[in-house]
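The structure appears right after this line, and notes come after that.
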Amino acid sequence: MKAISTSLFHRVIPSEQTGPGPHPGLVLLHGRGADEEDLLGLASAFDERFFVISVRAPFPYEFGGYTWYDVGRIGAPEPTMFRESCDRLSQFLDDLRTQYPLNPQRIFLLGFSMGCVMSFAMALSRPGIARGVSANSGYVPEGTHLTLRWQELADTSFFITHGTLDPVIPIELARHTRTLFERSNAPFTYREYPAGHQLTDTCVGDIAEWLESLVGS
């Protein structure tokens, strides 16, 4: 299927489910220095009913690939780029609901690293934008232009994963994220893996099970 014209370049893998839909949607958000192809290979690991959309970050990265924002210190996105990425991704998620055969009550986000940060940014500032978020190897963007609505998340489930040996985004940031969620009203699962800055096969399998439990029959 040809991708529609939206605020962000992307690729799609249509649902293998027969019929016109609407289908559950899975939006993949890559990390710094990657592109829309990076996470697309994961699609085969997930429920075949998903209509998969893999998004390219808007800014070219000087060392190759694309990025959502520049990094000063870990945990602090560069404000101007971060704001533009948030605005464009927010509009993109709105566009999907009207231009692809998706069930608006069954949209899921899966983000890795910077893409995880962007997933948190959307779901925490716009409760209801997603039914669930698979947040991997990232952190919650605190202290930005966004208002994070921690007590309005009862209808959004989160599956938060991180490698204990991560040399890029330390495990301490993930554990701080867990503390934030413990203070919220969001249903969430938190898991650590003996791994670095990566999605292991075990982690992907756990994500697949979690997603299937939420998609329903």
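A note on labels: chains of the structure tokens are A, B, ... as shown, every chain counts residues from 1, and ligands are counted from 1 in their shown order.
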
Would you write out, as a Markdown table, a table of all residues in range 10-118 of chain A that have an atom no more than 12 Å from an atom of range 177-193 of chain A, listing for each the closest atom pair and the distance in Å to one decimal, considering only C-alpha atoms and ordering rows by chain and rising residue number?
| residue | atom | partner | partner_atom | distance |
| --- | --- | --- | --- | --- |
| A:Gly75 | CA | A:Thr177 | CA | 11.1 |
| A:Cys116 | CA | A:Thr177 | CA | 11.8 |
| A:Val117 | CA | A:Thr177 | CA | 11.0 |

Query raised in the report: Per DSSP on the backbone, what are the strand (DSSP E) residues of range 29-211 of chain A, as an MDAnalysis selection string?
Result: chainID A and resid 29 51:55 59:60 66:67 102:112 132:136 157:163 188:193

Query raised in the report: Which is closer to Arg175 in chain A than all the others in A:Val140, A:Leu39, A:Ala76, A:Leu148, using only C-alpha atoms?
Result: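 Going through A:Val140, A:Leu39, A:Ala76, A:Leu148 one by one, the smallest distance to Arg175 in chain A is for A:Val140.
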
Please list as an mmCIF file with C-alpha atoms, in the first residue's frame every residue within 12 Å of Phe59 in chain A, counting only C-alpha atoms and excluding residues in the same chain fewer than 5 positions away.
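Output saved as part.cif:
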data_model
loop_
_atom_site.group_PDB
_atom_site.id
_atom_site.type_symbol
_atom_site.label_atom_id
_atom_site.label_comp_id
_atom_site.auth_asym_id
_atom_site.auth_seq_id
_atom_site.Cartn_x
_atom_site.Cartn_y
_atom_site.Cartn_z
ATOM 1 C CA LEU A 8 5.895 12.857 8.417
ATOM 2 C CA PHE A 9 7.378 10.389 5.939
ATOM 3 C CA GLY A 31 15.735 6.180 17.675
ATOM 4 C CA ARG A 32 18.456 8.657 16.719
ATOM 5 C CA GLY A 33 20.456 7.865 13.598
ATOM 6 C CA ALA A 34 17.909 5.398 12.217
ATOM 7 C CA ASP A 35 14.947 5.715 9.860
ATOM 8 C CA GLY A 64 23.417 9.361 9.092
ATOM 9 C CA GLY A 65 19.748 8.575 9.434
ATOM 10 C CA TYR A 66 17.312 10.902 11.182
ATOM 11 C CA THR A 67 16.630 12.303 14.618
ATOM 12 C CA TRP A 68 13.708 13.717 16.576
ATOM 13 C CA TYR A 69 15.832 16.320 18.365
ATOM 14 C CA ASP A 70 19.364 17.189 19.447
ATOM 15 C CA THR A 80 13.050 23.925 19.612
ATOM 16 C CA MET A 81 13.510 20.665 17.721
ATOM 17 C CA PHE A 82 11.595 18.722 20.352
ATOM 18 C CA GLU A 84 8.527 20.808 16.300
ATOM 19 C CA SER A 85 8.778 17.028 16.414
ATOM 20 C CA ARG A 88 4.382 17.161 13.682
#

Requested in this report: Can you check which residues of range 47-191 of chain A DSSP gives as helix (DSSP H, G or I) on the backbone and send them as a ChimeraX atom specification?
Outcome: /A:79-99,114-125,150-152,171-182

Print the selection's residues with C-alpha atoms to a file, as a compact mmCIF listing (two decimals), in the first residue's frame.
# COMPACT_ATOMS: atom_id res chain seq x y z
CA PRO A 79 13.60 22.53 23.12
CA THR A 80 13.05 23.92 19.61
CA MET A 81 13.51 20.66 17.72
CA PHE A 82 11.60 18.72 20.35
CA ARG A 83 8.63 21.08 20.10
CA GLU A 84 8.53 20.81 16.30
CA SER A 85 8.78 17.03 16.41
CA CYS A 86 5.98 16.87 18.96
CA ASP A 87 3.77 19.13 16.86
CA ARG A 88 4.38 17.16 13.68
CA LEU A 89 3.99 13.76 15.30
CA SER A 90 0.79 14.87 17.03
CA GLN A 91 -0.65 15.99 13.69
CA PHE A 92 0.54 12.76 12.07
CA LEU A 93 -1.32 10.66 14.63
CA ASP A 94 -4.46 12.66 13.97
CA ASP A 95 -4.05 12.20 10.21
CA LEU A 96 -3.79 8.43 10.55
CA ARG A 97 -7.25 8.14 12.00
CA THR A 98 -8.91 9.63 8.94
CA GLN A 99 -6.65 8.45 6.11
CA MET A 114 14.37 8.64 21.21
CA GLY A 115 11.25 7.09 19.71
CA CYS A 116 10.36 5.94 23.22
CA VAL A 117 10.69 9.53 24.45
CA MET A 118 8.40 10.68 21.64
CA SER A 119 5.89 7.94 22.52
CA PHE A 120 5.83 9.14 26.12
CA ALA A 121 5.51 12.75 24.92
CA MET A 122 2.39 11.95 22.91
CA ALA A 123 0.66 9.59 25.33
CA LEU A 124 1.31 11.60 28.49
CA SER A 125 0.34 14.98 27.03
CA TRP A 150 -0.44 11.90 34.93
CA GLN A 151 -3.86 11.47 36.48
CA GLU A 152 -5.73 11.13 33.16
CA ILE A 171 18.89 2.21 33.80
CA GLU A 172 18.48 4.83 36.54
CA LEU A 173 16.34 6.90 34.18
CA ALA A 174 14.08 3.92 33.56
CA ARG A 175 13.72 3.37 37.28
CA HIS A 176 12.83 7.02 37.71
CA THR A 177 10.20 6.52 34.98
CA ARG A 178 8.80 3.61 36.98
CA THR A 179 8.51 5.86 40.04
CA LEU A 180 6.61 8.45 38.00
CA PHE A 181 4.17 5.82 36.79
CA GLU A 182 3.66 4.47 40.30

Requested in this report: With a distance cut-off of 12 Å and only C-alpha atoms, select the neighbouring residues of Val12 in chain A, excluding the residue or stretch itself and same-chain residues fewer than 5 positions from it, and output the selection as a list in words.
Outcome: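 Result of the neighbour search: Met1, Lys2, Ala3, Ile4, Gly25, Leu26, Val27, Leu28, Glu36, Glu37, Leu39, Leu40, Gly41, Ala43, Phe50, Phe51, Val52, Ile53, Ser54, Val55, Arg56, Leu96, Tyr100 and Pro101 of chain A.
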
With C-alpha atoms retained, could you export that selection as a short mmCIF file (atom, residue, chain, number, x, y, z; two decimals), in the first residue's frame?
data_model
loop_
_atom_site.label_atom_id
_atom_site.label_comp_id
_atom_site.auth_asym_id
_atom_site.auth_seq_id
_atom_site.Cartn_x
_atom_site.Cartn_y
_atom_site.Cartn_z
CA MET A 1 0.00 0.00 0.00
CA LYS A 2 1.28 3.47 -0.87
CA ALA A 3 1.79 5.78 2.10
CA ILE A 4 -0.50 8.77 2.25
CA GLY A 25 -2.86 0.23 14.30
CA LEU A 26 0.74 -0.04 15.48
CA VAL A 27 2.92 3.05 15.05
CA LEU A 28 6.70 2.45 15.20
CA GLU A 36 11.55 4.23 9.07
CA GLU A 37 13.14 0.91 8.05
CA LEU A 39 11.90 -1.16 13.39
CA LEU A 40 9.86 -2.39 10.44
CA GLY A 41 11.34 -5.87 10.73
CA ALA A 43 6.18 -6.28 12.39
CA PHE A 50 -2.06 -4.92 13.08
CA PHE A 51 -1.90 -2.26 10.39
CA VAL A 52 1.72 -1.18 10.93
CA ILE A 53 2.99 2.35 10.30
CA SER A 54 6.72 3.05 10.69
CA VAL A 55 7.55 6.76 10.94
CA ARG A 56 10.70 8.68 9.99
CA LEU A 96 -3.79 8.43 10.55
CA TYR A 100 -6.00 4.79 6.93
CA PRO A 101 -8.57 2.07 7.82
#

Query raised in the report: Contacts of Pro24 in chain A at 10 Å or less, counting only C-alpha atoms, minus same-chain residues fewer than 4 places along, as JSON, numbers by chain?
Result: {"A": [15, 47, 48, 49, 50, 51, 52, 101, 102, 103, 104, 105, 106, 107, 108, 131, 215, 216]}

Taking only C-alpha atoms into account, produce a table as a tab-separated table in which each residue of range 5-75 of chain A with an atom at most 10 Å from an atom of range 194-204 of chain A appears once, together with its shortest atom pair and the distance in Å to one decimal, ordered by chain and rising number.
residue	atom	partner	partner_atom	distance
A:Leu39	CA	A:Leu199	CA	10.0
A:Leu42	CA	A:Val204	CA	7.9
A:Ala45	CA	A:Val204	CA	7.5
A:Phe46	CA	A:Val204	CA	8.7

Report task. Could you tell me how far CA of Phe158 in chain A lies from CA of Phe112 in chain A, in Å and to one decimal? Result ->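 According to the coordinates, CA of Phe158 in chain A and CA of Phe112 in chain A are separated by 13.5 Å.
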
Requested in this report: Would you mind reading off the distance between CA of Ser137 in chain A and CA of Thr161 in chain A, one decimal, in Å?
Outcome: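 Atom-to-atom, CA of Ser137 in chain A and CA of Thr161 in chain A are spaced 6.2 Å apart.
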